[in-house]
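Engineer: Can you read through this structure? Questions will come right after.
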Amino acid sequence: MKVLITGTAGFIGSALALRLLERGDEVIGIDNLNDYYDVQLKKARLARILDFDGFTDLRLSLEDHPAVAAAFGKHQPQRVVNLAAQAGVRYSIDNPLAYVHTNLVGFAHILEGCRNHKVEHLAYASSSSVYGANTTMPFSVHDNVDHPLSLYAASKKANELMAHTYSHLYQLPTTGLRFFTVYGPWGRPDMALFKFTRAILADEPIDVFNYGKHRRDFTYIDDIVEGVIRVLDHIPERNPNWTGAKPDAATSSAPYRLYNIGNNRPTELMYYIEVLEQCLGRKARKNLLPLQPGDVPDTYADVDDLIDQFDYHPRTSVETGVARFVDWYRAYFQL
């Protein structure tokens with residue numbers, strides 16, 4: 001296939017592009033290499049895929065409508081995976097407009113590109129953060145999610161609504177993927193595992209919010225990519241049993257689907273830190289703090305739909321995943 005991926009210098013985007021190129025697909029990659037975090041890390045991720053004959057590297061921002069439209073017009077992708085976004089719950093509290101520009105306006109440009117060029121299937125990154133104030137565990141895509149706790153979460157919920165509109169009006173097949181705390185080699189420096197590793201090796205204290213009591217459905221990067229590919233390869237169809245009298249949030253009378261991609265095994269943050277300490281051979285100095293604004297106490301993914309429809313089974317334990325991250329971190333920074 002010819003697949004357009006946005007965010008190919010990002011954590012998930014680079015890993016997905018590598019897997020698709022290795023299996024013989026053609027990939028058109030879009031990234032603007034912004035400086036939200038270390039640009040050198042983004043360039044190093046890109047370096048893993050630049051030498052593939054089937055890879056085209058485009059440097060542009062989703063907010064630039066003429067540039068996005070031109071990319072669709074020139075390359076005519078069959079399928080699209082939108083992973084580019086302004087990330088981070090905490091950053092959204094102080095910089096809300098960054099999320100409006102990239103996550104809302106930019107996503108609208110992707111939708112327009114897909115509509116105007118008859119893309120077969122658009123898969124896009126949503127987030128576990130859309131569950132917001134929900135407390136019923138595990139989180140199910142069939143539940144209502146109308147109480148986000150950050151603008152980042154609200155922007156991802158908005159993406160789902162925008163996608164449904166295009167599925168309904170233009171019969172554009174769309175699939176939203178709610179990712180749950182992705183971690184692993186080549187990960188993001190603003191995420192806990194990266195920050196904790198750097199601080200512990202520097203003998204600096206780490207900030208542990210909610211006193212380490214909250215739980216996260218930590219999902220290893222390879223398991224995330226496997227889920228994305230399985231979904232991407234299957235074009236969603238309308239649900240013939242959908243009814244407005246009892247609407248199912250995860251499906252529609254339009255070709256529209258939502259899925260959780262998680263590990264289905266929540267881990268308490270304090271245990272996650274203990275595993276990291278064992279892998280590093282050092283103890284962390286912990287600065288215990290209350291839950292931060294915008295954060296949710298727990299995440300836990302119901303992935304039954306992915307299991308039933310795609311035979312998806314996340315296989316990487318936290319112990320294995322953290323160990324692989326530490327090995328990569330030491331090699332990448334030559335420690």
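Letters A, B, ... go to the chains of the structure tokens in the order shown; residues in each chain start at 1; ligands are counted from 1 in the same order.
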Need to verify the contact set: region 279-286 of chain A, 6 Å, only C-alpha atoms, exclusion of same-chain residues closer than 6 positions in sequence. Can you return it as a ChimeraX atom specification?
Structural biologist: /A:200,205-206,323
Engineer: Generate a file of the selected residues that holds all heavy atoms, formatted as an mmCIF file, in the first residue's frame.
Structural biologist:
data_model
loop_
_atom_site.group_PDB
_atom_site.id
_atom_site.type_symbol
_atom_site.label_atom_id
_atom_site.label_comp_id
_atom_site.auth_asym_id
_atom_site.auth_seq_id
_atom_site.Cartn_x
_atom_site.Cartn_y
_atom_site.Cartn_z
ATOM 1 N N ILE A 200 17.374 9.593 37.786
ATOM 2 C CA ILE A 200 17.978 8.577 38.658
ATOM 3 C C ILE A 200 19.453 8.408 38.330
ATOM 4 O O ILE A 200 20.298 8.319 39.230
ATOM 5 C CB ILE A 200 17.217 7.239 38.529
ATOM 6 C CG1 ILE A 200 15.800 7.371 39.104
ATOM 7 C CG2 ILE A 200 17.967 6.118 39.249
ATOM 8 C CD1 ILE A 200 14.905 6.179 38.813
ATOM 9 N N PRO A 205 16.402 13.933 42.376
ATOM 10 C CA PRO A 205 15.097 13.425 42.816
ATOM 11 C C PRO A 205 14.093 13.406 41.671
ATOM 12 O O PRO A 205 14.200 14.202 40.724
ATOM 13 C CB PRO A 205 14.681 14.416 43.908
ATOM 14 C CG PRO A 205 15.424 15.675 43.593
ATOM 15 C CD PRO A 205 16.730 15.242 42.988
ATOM 16 N N ILE A 206 13.129 12.516 41.740
ATOM 17 C CA ILE A 206 12.063 12.454 40.749
ATOM 18 C C ILE A 206 10.753 12.903 41.395
ATOM 19 O O ILE A 206 10.507 12.642 42.571
ATOM 20 C CB ILE A 206 11.899 11.039 40.153
ATOM 21 C CG1 ILE A 206 11.531 10.013 41.249
ATOM 22 C CG2 ILE A 206 13.168 10.604 39.441
ATOM 23 C CD1 ILE A 206 11.216 8.632 40.712
ATOM 24 N N ALA A 323 13.064 -2.887 30.808
ATOM 25 C CA ALA A 323 14.445 -3.347 30.614
ATOM 26 C C ALA A 323 14.936 -3.003 29.207
ATOM 27 O O ALA A 323 16.087 -2.569 29.027
ATOM 28 C CB ALA A 323 14.526 -4.848 30.850
#
Engineer: Which polymer residues have any atom within 7 Å of an atom of Ser127 (chain A), counting only C-alpha atoms, with same-chain residues fewer than 3 positions away left out, as a ChimeraX atom specification?
Structural biologist: /A:130,156,178-180
Engineer: Can you tell me, as a CSV table (one decimal) with all heavy atoms, in the first residue's frame, what residues are no more than 9 Å from Gly88 (chain A) when counting only C-alpha atoms, ignoring any on the same chain fewer than 3 positions away?
Structural biologist:
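Contents of around-v8.csv, freshly written:
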chain,number,residue,atom,x,y,z
A,91,TYR,N,1.3,20.2,29.5
A,91,TYR,CA,1.6,21.3,28.6
A,91,TYR,C,0.4,22.1,28.1
A,91,TYR,O,0.4,23.3,27.9
A,91,TYR,CB,2.5,20.8,27.4
A,91,TYR,CG,3.1,21.9,26.5
A,91,TYR,CD1,4.2,22.6,26.9
A,91,TYR,CD2,2.5,22.1,25.3
A,91,TYR,CE1,4.7,23.5,26.1
A,91,TYR,CE2,3.1,23.1,24.4
A,91,TYR,CZ,4.2,23.8,24.9
A,91,TYR,OH,4.7,24.8,24.0
A,92,SER,N,-0.7,21.3,28.0
A,92,SER,CA,-1.9,21.9,27.5
A,92,SER,C,-2.6,22.9,28.5
A,92,SER,O,-3.3,23.8,28.1
A,92,SER,CB,-3.0,20.8,27.1
A,92,SER,OG,-3.5,20.2,28.2
A,152,TYR,N,-6.0,19.0,26.0
A,152,TYR,CA,-5.4,17.9,25.2
A,152,TYR,C,-6.5,16.8,25.0
A,152,TYR,O,-6.8,16.4,23.9
A,152,TYR,CB,-4.2,17.3,25.8
A,152,TYR,CG,-3.7,16.1,25.2
A,152,TYR,CD1,-3.1,16.1,23.9
A,152,TYR,CD2,-3.8,14.8,25.8
A,152,TYR,CE1,-2.7,15.0,23.2
A,152,TYR,CE2,-3.4,13.7,25.2
A,152,TYR,CZ,-2.8,13.7,23.9
A,152,TYR,OH,-2.4,12.6,23.3
A,190,ASP,N,9.5,13.8,27.4
A,190,ASP,CA,8.5,14.4,28.4
A,190,ASP,C,7.7,13.4,29.1
A,190,ASP,O,6.9,13.7,30.0
A,190,ASP,CB,7.6,15.4,27.6
A,190,ASP,CG,6.7,14.7,26.6
A,190,ASP,OD1,7.2,13.8,25.9
A,190,ASP,OD2,5.6,15.1,26.4
A,191,MET,N,7.9,12.1,28.8
A,191,MET,CA,7.1,11.1,29.5
A,191,MET,C,7.9,10.6,30.7
A,191,MET,O,9.1,10.7,30.8
A,191,MET,CB,6.9,9.9,28.5
A,191,MET,CG,6.0,10.3,27.3
A,191,MET,SD,4.3,10.6,27.8
A,191,MET,CE,3.7,9.0,28.0
Engineer: Just checking: using only C-alpha atoms, which residue out of A:His142, A:Asp217, A:Ala98, A:Thr299 ends up closest to Ser317 (chain A)?
Structural biologist: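 Selected residue with least distance to Ser317 (chain A): A:Asp217.
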Engineer: Hey, can you check how far CA of Phe209 (chain A) sits from CA of Asp327 (chain A)?
Structural biologist: 25.7 Å
Engineer: Determine which residues of region 8-212 of chain A receive a DSSP assignment of strand (DSSP E), computed from the backbone, and state them as a short mmCIF file (atom, residue, chain, number, x, y, z; two decimals) with all heavy atoms, in the first residue's frame.
Structural biologist:
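part_37.cif, freshly written:
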data_model
loop_
_atom_site.label_atom_id
_atom_site.label_comp_id
_atom_site.auth_asym_id
_atom_site.auth_seq_id
_atom_site.Cartn_x
_atom_site.Cartn_y
_atom_site.Cartn_z
N GLU A 26 4.84 1.47 0.78
CA GLU A 26 5.43 2.78 0.49
C GLU A 26 4.89 3.75 1.52
O GLU A 26 3.69 3.78 1.80
CB GLU A 26 5.05 3.23 -0.91
CG GLU A 26 5.68 4.55 -1.34
CD GLU A 26 5.31 4.94 -2.76
OE1 GLU A 26 4.79 4.09 -3.50
OE2 GLU A 26 5.53 6.12 -3.11
N VAL A 27 5.77 4.57 2.10
CA VAL A 27 5.37 5.50 3.16
C VAL A 27 5.74 6.93 2.77
O VAL A 27 6.87 7.21 2.40
CB VAL A 27 6.04 5.14 4.50
CG1 VAL A 27 5.75 6.22 5.55
CG2 VAL A 27 5.56 3.78 4.99
N ILE A 28 4.74 7.81 2.83
CA ILE A 28 4.97 9.25 2.72
C ILE A 28 4.91 9.81 4.13
O ILE A 28 3.86 9.72 4.79
CB ILE A 28 3.92 9.94 1.82
CG1 ILE A 28 3.94 9.33 0.41
CG2 ILE A 28 4.17 11.43 1.75
CD1 ILE A 28 2.87 8.29 0.20
N GLY A 29 6.00 10.34 4.62
CA GLY A 29 6.08 10.81 6.00
C GLY A 29 6.02 12.31 6.09
O GLY A 29 6.73 13.02 5.36
N ILE A 30 5.19 12.81 7.00
CA ILE A 30 5.07 14.25 7.24
C ILE A 30 5.49 14.53 8.68
O ILE A 30 5.03 13.88 9.61
CB ILE A 30 3.63 14.73 7.02
CG1 ILE A 30 3.29 14.74 5.53
CG2 ILE A 30 3.41 16.13 7.61
CD1 ILE A 30 1.84 15.15 5.23
N ASP A 31 6.35 15.52 8.85
CA ASP A 31 6.72 16.00 10.19
C ASP A 31 7.28 17.41 10.06
O ASP A 31 7.91 17.73 9.04
CB ASP A 31 7.74 15.08 10.85
CG ASP A 31 7.65 15.11 12.37
OD1 ASP A 31 7.99 16.16 12.97
OD2 ASP A 31 7.24 14.11 12.98
N PHE A 55 10.45 5.31 1.12
CA PHE A 55 10.11 6.38 2.05
C PHE A 55 10.30 7.75 1.42
O PHE A 55 11.35 8.05 0.84
CB PHE A 55 10.96 6.28 3.32
CG PHE A 55 10.62 7.32 4.35
CD1 PHE A 55 9.37 7.35 4.95
CD2 PHE A 55 11.55 8.28 4.74
CE1 PHE A 55 9.04 8.30 5.90
CE2 PHE A 55 11.24 9.24 5.69
CZ PHE A 55 9.97 9.26 6.27
N THR A 56 9.29 8.59 1.55
CA THR A 56 9.36 9.99 1.12
C THR A 56 9.21 10.87 2.35
O THR A 56 8.23 10.76 3.08
CB THR A 56 8.25 10.32 0.12
OG1 THR A 56 8.36 9.46 -1.02
CG2 THR A 56 8.32 11.78 -0.32
N ASP A 57 10.17 11.74 2.58
CA ASP A 57 10.21 12.59 3.78
C ASP A 57 9.77 14.00 3.43
O ASP A 57 10.43 14.69 2.65
CB ASP A 57 11.64 12.59 4.35
CG ASP A 57 11.75 13.34 5.66
OD1 ASP A 57 10.78 13.34 6.43
OD2 ASP A 57 12.83 13.93 5.92
N LEU A 58 8.64 14.42 4.01
CA LEU A 58 8.11 15.76 3.77
C LEU A 58 8.19 16.59 5.04
O LEU A 58 7.79 16.14 6.11
CB LEU A 58 6.65 15.70 3.31
CG LEU A 58 6.36 14.88 2.04
CD1 LEU A 58 4.87 14.94 1.72
CD2 LEU A 58 7.18 15.38 0.86
N ARG A 59 8.70 17.80 4.91
CA ARG A 59 8.84 18.68 6.07
C ARG A 59 7.78 19.77 5.99
O ARG A 59 7.93 20.75 5.26
CB ARG A 59 10.25 19.30 6.08
CG ARG A 59 10.62 19.99 7.38
CD ARG A 59 10.84 18.99 8.53
NE ARG A 59 11.91 18.07 8.22
CZ ARG A 59 11.73 16.75 8.07
NH1 ARG A 59 10.53 16.22 8.19
NH2 ARG A 59 12.75 15.96 7.80
N ARG A 79 -4.03 5.04 2.05
CA ARG A 79 -4.45 5.07 3.46
C ARG A 79 -3.61 6.10 4.21
O ARG A 79 -2.49 6.42 3.81
CB ARG A 79 -4.33 3.68 4.09
CG ARG A 79 -5.13 2.67 3.26
CD ARG A 79 -5.38 1.36 3.91
NE ARG A 79 -6.08 0.50 2.94
CZ ARG A 79 -6.48 -0.73 3.18
NH1 ARG A 79 -6.28 -1.27 4.37
NH2 ARG A 79 -7.10 -1.44 2.24
N VAL A 80 -4.18 6.60 5.30
CA VAL A 80 -3.54 7.66 6.07
C VAL A 80 -3.58 7.30 7.55
O VAL A 80 -4.59 6.81 8.04
CB VAL A 80 -4.25 9.02 5.84
CG1 VAL A 80 -3.68 10.10 6.75
CG2 VAL A 80 -4.15 9.43 4.37
N VAL A 81 -2.47 7.55 8.23
CA VAL A 81 -2.42 7.42 9.69
C VAL A 81 -1.99 8.76 10.26
O VAL A 81 -0.85 9.20 10.03
CB VAL A 81 -1.43 6.32 10.14
CG1 VAL A 81 -1.52 6.14 11.66
CG2 VAL A 81 -1.71 5.00 9.44
N ASN A 82 -2.89 9.42 10.96
CA ASN A 82 -2.57 10.73 11.54
C ASN A 82 -2.11 10.55 12.99
O ASN A 82 -2.90 10.26 13.88
CB ASN A 82 -3.79 11.65 11.51
CG ASN A 82 -3.43 13.04 12.01
OD1 ASN A 82 -2.60 13.72 11.41
ND2 ASN A 82 -4.02 13.45 13.12
N HIS A 121 -8.97 4.71 3.79
CA HIS A 121 -9.11 4.53 5.24
C HIS A 121 -8.21 5.53 5.96
O HIS A 121 -7.02 5.63 5.67
CB HIS A 121 -8.70 3.10 5.63
CG HIS A 121 -8.90 2.76 7.08
ND1 HIS A 121 -8.33 1.63 7.66
CD2 HIS A 121 -9.59 3.38 8.08
CE1 HIS A 121 -8.68 1.57 8.93
NE2 HIS A 121 -9.44 2.63 9.21
N LEU A 122 -8.78 6.26 6.90
CA LEU A 122 -8.03 7.15 7.78
C LEU A 122 -8.04 6.57 9.19
O LEU A 122 -9.11 6.40 9.79
CB LEU A 122 -8.64 8.55 7.81
CG LEU A 122 -8.17 9.47 8.95
CD1 LEU A 122 -6.67 9.78 8.82
CD2 LEU A 122 -8.98 10.76 9.00
N ALA A 123 -6.86 6.24 9.71
CA ALA A 123 -6.71 5.87 11.11
C ALA A 123 -6.01 7.03 11.80
O ALA A 123 -5.10 7.64 11.24
CB ALA A 123 -5.89 4.59 11.26
N TYR A 124 -6.44 7.36 13.02
CA TYR A 124 -5.88 8.53 13.67
C TYR A 124 -5.72 8.28 15.17
O TYR A 124 -6.45 7.48 15.77
CB TYR A 124 -6.76 9.76 13.43
CG TYR A 124 -8.18 9.60 13.95
CD1 TYR A 124 -8.53 10.04 15.24
CD2 TYR A 124 -9.17 9.01 13.17
CE1 TYR A 124 -9.83 9.87 15.71
CE2 TYR A 124 -10.45 8.84 13.64
CZ TYR A 124 -10.78 9.28 14.91
OH TYR A 124 -12.05 9.10 15.39
N ALA A 125 -4.76 8.99 15.74
CA ALA A 125 -4.47 8.84 17.16
C ALA A 125 -5.47 9.62 18.00
O ALA A 125 -5.59 10.83 17.87
CB ALA A 125 -3.05 9.32 17.47
N SER A 126 -6.18 8.90 18.85
CA SER A 126 -6.91 9.52 19.93
C SER A 126 -6.10 9.23 21.21
O SER A 126 -4.89 9.04 21.13
CB SER A 126 -8.34 9.00 20.01
OG SER A 126 -9.08 9.72 20.99
N SER A 127 -6.74 9.19 22.35
CA SER A 127 -5.98 9.05 23.59
C SER A 127 -6.86 8.53 24.71
O SER A 127 -8.07 8.79 24.75
CB SER A 127 -5.40 10.42 23.99
OG SER A 127 -4.91 10.39 25.32
N THR A 174 -13.17 5.86 8.78
CA THR A 174 -12.24 6.39 9.79
C THR A 174 -12.21 5.48 11.01
O THR A 174 -13.23 4.90 11.40
CB THR A 174 -12.62 7.81 10.25
OG1 THR A 174 -13.88 7.77 10.95
CG2 THR A 174 -12.71 8.77 9.08
N THR A 175 -11.03 5.38 11.60
CA THR A 175 -10.85 4.60 12.83
C THR A 175 -10.03 5.42 13.83
O THR A 175 -8.90 5.82 13.52
CB THR A 175 -10.12 3.27 12.56
OG1 THR A 175 -10.84 2.52 11.59
CG2 THR A 175 -10.02 2.46 13.84
N GLY A 176 -10.60 5.65 15.01
CA GLY A 176 -9.88 6.34 16.07
C GLY A 176 -9.24 5.34 17.02
O GLY A 176 -9.86 4.34 17.41
N LEU A 177 -7.99 5.59 17.38
CA LEU A 177 -7.22 4.68 18.22
C LEU A 177 -6.86 5.38 19.53
O LEU A 177 -6.07 6.33 19.53
CB LEU A 177 -5.95 4.25 17.49
CG LEU A 177 -6.20 3.60 16.11
CD1 LEU A 177 -4.89 3.45 15.36
CD2 LEU A 177 -6.89 2.26 16.27
N ARG A 178 -7.46 4.92 20.62
CA ARG A 178 -7.18 5.51 21.92
C ARG A 178 -5.98 4.81 22.54
O ARG A 178 -6.08 3.72 23.08
CB ARG A 178 -8.42 5.40 22.82
CG ARG A 178 -9.59 6.25 22.33
CD ARG A 178 -10.82 6.04 23.18
NE ARG A 178 -11.93 6.89 22.72
CZ ARG A 178 -13.17 6.81 23.17
NH1 ARG A 178 -13.49 5.90 24.11
NH2 ARG A 178 -14.12 7.62 22.71
N PHE A 179 -4.82 5.47 22.46
CA PHE A 179 -3.58 4.91 22.99
C PHE A 179 -3.51 5.08 24.50
O PHE A 179 -3.89 6.13 25.03
CB PHE A 179 -2.36 5.59 22.36
CG PHE A 179 -2.25 5.40 20.87
CD1 PHE A 179 -1.91 6.46 20.05
CD2 PHE A 179 -2.47 4.17 20.28
CE1 PHE A 179 -1.78 6.31 18.68
CE2 PHE A 179 -2.36 3.98 18.91
CZ PHE A 179 -2.01 5.06 18.10
N VAL A 182 2.02 5.02 26.15
CA VAL A 182 2.98 4.28 25.34
C VAL A 182 4.40 4.53 25.86
O VAL A 182 4.76 5.66 26.20
CB VAL A 182 2.88 4.73 23.87
CG1 VAL A 182 3.70 3.80 22.98
CG2 VAL A 182 1.43 4.78 23.41
N TYR A 183 5.20 3.46 25.92
CA TYR A 183 6.58 3.59 26.40
C TYR A 183 7.46 2.61 25.64
O TYR A 183 6.97 1.70 24.97
CB TYR A 183 6.67 3.32 27.90
CG TYR A 183 6.57 1.85 28.26
CD1 TYR A 183 7.70 1.10 28.58
CD2 TYR A 183 5.34 1.19 28.25
CE1 TYR A 183 7.61 -0.25 28.88
CE2 TYR A 183 5.23 -0.15 28.56
CZ TYR A 183 6.37 -0.88 28.86
OH TYR A 183 6.28 -2.21 29.16
N ILE A 206 13.13 12.52 41.74
CA ILE A 206 12.06 12.45 40.75
C ILE A 206 10.75 12.90 41.39
O ILE A 206 10.51 12.64 42.57
CB ILE A 206 11.90 11.04 40.15
CG1 ILE A 206 11.53 10.01 41.25
CG2 ILE A 206 13.17 10.60 39.44
CD1 ILE A 206 11.22 8.63 40.71
N ASP A 207 9.93 13.61 40.64
CA ASP A 207 8.62 14.02 41.12
C ASP A 207 7.63 12.88 40.88
O ASP A 207 7.42 12.46 39.73
CB ASP A 207 8.14 15.28 40.38
CG ASP A 207 8.92 16.52 40.78
OD1 ASP A 207 9.52 16.51 41.87
OD2 ASP A 207 8.92 17.49 40.00
N VAL A 208 7.04 12.39 41.96
CA VAL A 208 6.10 11.28 41.89
C VAL A 208 4.72 11.81 42.29
O VAL A 208 4.46 12.04 43.48
CB VAL A 208 6.53 10.12 42.81
CG1 VAL A 208 5.55 8.95 42.69
CG2 VAL A 208 7.95 9.66 42.47
#
Engineer: Looking at A:Trp186, A:Phe107, A:Arg265, A:Tyr271, which one is nearest to Ala331 (chain A), with distances taken over only C-alpha atoms?
Structural biologist: A:Trp186
Engineer: Which of these residues is nearest to Val326 (chain A), using only C-alpha atoms: A:Pro185, A:Gly24, A:Gly262, A:Pro290?
Structural biologist: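 Using only C-alpha atoms, Val326 (chain A) sits closest to A:Pro185.
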Engineer: Write out as number ranges by chain each polymer residue whose atoms come within 10 Å of Arg188 (chain A), counting only C-alpha atoms; drop sequence neighbours fewer than 4 positions from it.
Structural biologist: A: 10-12, 37-38, 41-42, 87, 182-184, 192-195
Engineer: Selected residues, all heavy atoms, written as a compact mmCIF listing (two decimals), in the first residue's frame, please.
Structural biologist:
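Printed below is part-v8.txt as written:
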# COMPACT_ATOMS: atom_id res chain seq x y z
N GLY A 10 8.12 11.26 15.18
CA GLY A 10 7.63 11.01 16.53
C GLY A 10 7.87 9.59 16.98
O GLY A 10 8.33 8.73 16.22
N PHE A 11 7.55 9.34 18.23
CA PHE A 11 7.79 8.04 18.86
C PHE A 11 7.02 6.93 18.14
O PHE A 11 7.61 5.96 17.63
CB PHE A 11 7.38 8.15 20.33
CG PHE A 11 7.53 6.89 21.15
CD1 PHE A 11 8.45 5.91 20.82
CD2 PHE A 11 6.74 6.71 22.29
CE1 PHE A 11 8.57 4.77 21.60
CE2 PHE A 11 6.87 5.58 23.07
CZ PHE A 11 7.77 4.60 22.72
N ILE A 12 5.72 7.05 18.06
CA ILE A 12 4.90 6.01 17.44
C ILE A 12 5.04 6.06 15.92
O ILE A 12 5.14 5.02 15.25
CB ILE A 12 3.42 6.15 17.85
CG1 ILE A 12 3.28 6.05 19.36
CG2 ILE A 12 2.57 5.08 17.18
CD1 ILE A 12 1.88 6.34 19.88
N TYR A 37 10.17 18.95 22.11
CA TYR A 37 11.25 18.27 22.83
C TYR A 37 12.42 18.08 21.86
O TYR A 37 12.35 18.49 20.70
CB TYR A 37 10.79 16.95 23.48
CG TYR A 37 10.28 15.88 22.54
CD1 TYR A 37 11.14 15.09 21.80
CD2 TYR A 37 8.91 15.64 22.42
CE1 TYR A 37 10.68 14.10 20.95
CE2 TYR A 37 8.42 14.64 21.57
CZ TYR A 37 9.32 13.87 20.84
OH TYR A 37 8.86 12.89 20.02
N ASP A 38 13.48 17.48 22.31
CA ASP A 38 14.77 17.35 21.63
C ASP A 38 14.64 17.01 20.14
O ASP A 38 14.25 15.89 19.77
CB ASP A 38 15.59 16.28 22.34
CG ASP A 38 16.97 16.10 21.76
OD1 ASP A 38 17.41 16.98 20.98
OD2 ASP A 38 17.62 15.09 22.08
N LEU A 41 16.74 13.97 18.85
CA LEU A 41 16.13 12.65 19.02
C LEU A 41 15.18 12.37 17.85
O LEU A 41 15.14 11.25 17.32
CB LEU A 41 15.39 12.57 20.35
CG LEU A 41 14.58 11.29 20.60
CD1 LEU A 41 15.48 10.06 20.57
CD2 LEU A 41 13.84 11.39 21.93
N LYS A 42 14.42 13.37 17.45
CA LYS A 42 13.52 13.20 16.31
C LYS A 42 14.30 12.87 15.04
O LYS A 42 13.91 12.00 14.25
CB LYS A 42 12.67 14.46 16.11
CG LYS A 42 11.73 14.75 17.28
CD LYS A 42 10.90 16.00 17.02
CE LYS A 42 9.95 16.26 18.17
NZ LYS A 42 9.05 17.41 17.93
N ALA A 87 1.33 17.11 21.77
CA ALA A 87 1.12 16.12 22.83
C ALA A 87 1.28 16.74 24.21
O ALA A 87 1.75 17.86 24.36
CB ALA A 87 2.12 14.97 22.65
N VAL A 182 2.02 5.02 26.15
CA VAL A 182 2.98 4.28 25.34
C VAL A 182 4.40 4.53 25.86
O VAL A 182 4.76 5.66 26.20
CB VAL A 182 2.88 4.73 23.87
CG1 VAL A 182 3.70 3.80 22.98
CG2 VAL A 182 1.43 4.78 23.41
N TYR A 183 5.20 3.46 25.92
CA TYR A 183 6.58 3.59 26.40
C TYR A 183 7.46 2.61 25.64
O TYR A 183 6.97 1.70 24.97
CB TYR A 183 6.67 3.32 27.90
CG TYR A 183 6.57 1.85 28.26
CD1 TYR A 183 7.70 1.10 28.58
CD2 TYR A 183 5.34 1.19 28.25
CE1 TYR A 183 7.61 -0.25 28.88
CE2 TYR A 183 5.23 -0.15 28.56
CZ TYR A 183 6.37 -0.88 28.86
OH TYR A 183 6.28 -2.21 29.16
N GLY A 184 8.78 2.79 25.77
CA GLY A 184 9.72 1.87 25.14
C GLY A 184 10.88 2.63 24.50
O GLY A 184 10.98 3.86 24.61
N ALA A 192 7.15 9.96 31.66
CA ALA A 192 7.70 9.62 32.98
C ALA A 192 8.93 8.73 32.90
O ALA A 192 9.93 8.98 33.59
CB ALA A 192 6.61 8.95 33.83
N LEU A 193 8.89 7.68 32.09
CA LEU A 193 10.00 6.73 32.08
C LEU A 193 11.30 7.40 31.67
O LEU A 193 12.35 7.17 32.29
CB LEU A 193 9.67 5.57 31.12
CG LEU A 193 10.71 4.45 31.05
CD1 LEU A 193 10.97 3.82 32.41
CD2 LEU A 193 10.28 3.38 30.04
N PHE A 194 11.26 8.23 30.66
CA PHE A 194 12.44 8.94 30.18
C PHE A 194 12.95 9.90 31.26
O PHE A 194 14.15 9.94 31.59
CB PHE A 194 12.08 9.71 28.91
CG PHE A 194 13.20 9.89 27.93
CD1 PHE A 194 13.16 9.27 26.69
CD2 PHE A 194 14.29 10.69 28.22
CE1 PHE A 194 14.18 9.44 25.77
CE2 PHE A 194 15.31 10.88 27.31
CZ PHE A 194 15.26 10.25 26.08
N LYS A 195 12.03 10.67 31.84
CA LYS A 195 12.41 11.66 32.86
C LYS A 195 12.96 10.98 34.11
O LYS A 195 13.96 11.43 34.69
CB LYS A 195 11.20 12.52 33.21
CG LYS A 195 10.76 13.43 32.07
CD LYS A 195 9.37 13.99 32.29
CE LYS A 195 9.33 15.03 33.38
NZ LYS A 195 7.98 15.67 33.46
Engineer: Among the residues of region 52-171 of chain A, find those DSSP assigns to alpha helix (DSSP H) from the backbone and print them as an NGL selection string.
Structural biologist: :A and (65-75 or 89-94 or 96-99 or 107-116 or 151-170)
Engineer: Nearest residue to Asp311 (chain A) out of A:Gly132, A:Gly227, A:Pro189, A:Pro173, using only C-alpha atoms?
Structural biologist: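 Counting only C-alpha atoms, the residue closest to Asp311 (chain A) is A:Gly227.
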Engineer: As an exercise, work out the distance from CA of Ala85 (chain A) to CA of Leu21 (chain A) in Å and give it to one decimal place.
Structural biologist: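 We find that CA of Ala85 (chain A) and CA of Leu21 (chain A) lie 22.3 Å from each other.
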Engineer: From the options A:Glu319, A:Ala70, A:Ala15, A:Pro138, which residue's atoms come nearest to Glu274 (chain A), counting only C-alpha atoms?
Structural biologist: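 Nearest to Glu274 (chain A): A:Glu319.
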Engineer: Pick out the residues sitting within 7 Å of Asn264 (chain A), and hand them over as a PDB file with C-alpha atoms, in the first residue's frame; count only C-alpha atoms, and ignore anything fewer than 2 positions along from it in its own chain.
Structural biologist:
ATOM      1  CA  ASP A 217      -2.091   0.868  31.477  1.00  0.00           C
ATOM      2  CA  GLY A 262      -3.675  -0.771  25.694  1.00  0.00           C
ATOM      3  CA  PRO A 266      -2.757  -1.541  34.746  1.00  0.00           C
ATOM      4  CA  TYR A 300      -7.211   0.641  32.287  1.00  0.00           C
ATOM      5  CA  ALA A 301      -8.038  -0.345  28.713  1.00  0.00           C
ATOM      6  CA  ASP A 302     -10.810  -2.701  27.710  1.00  0.00           C
ATOM      7  CA  VAL A 303      -9.355  -4.172  24.489  1.00  0.00           C
TER       8      VAL A 303
END
Engineer: Pick the closest to Glu63 (chain A) from A:Arg90, A:His109, A:Arg48, A:Lys118: which is it, counting only C-alpha atoms?
Structural biologist: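 Distance minimum relative to Glu63 (chain A) lands on A:His109.
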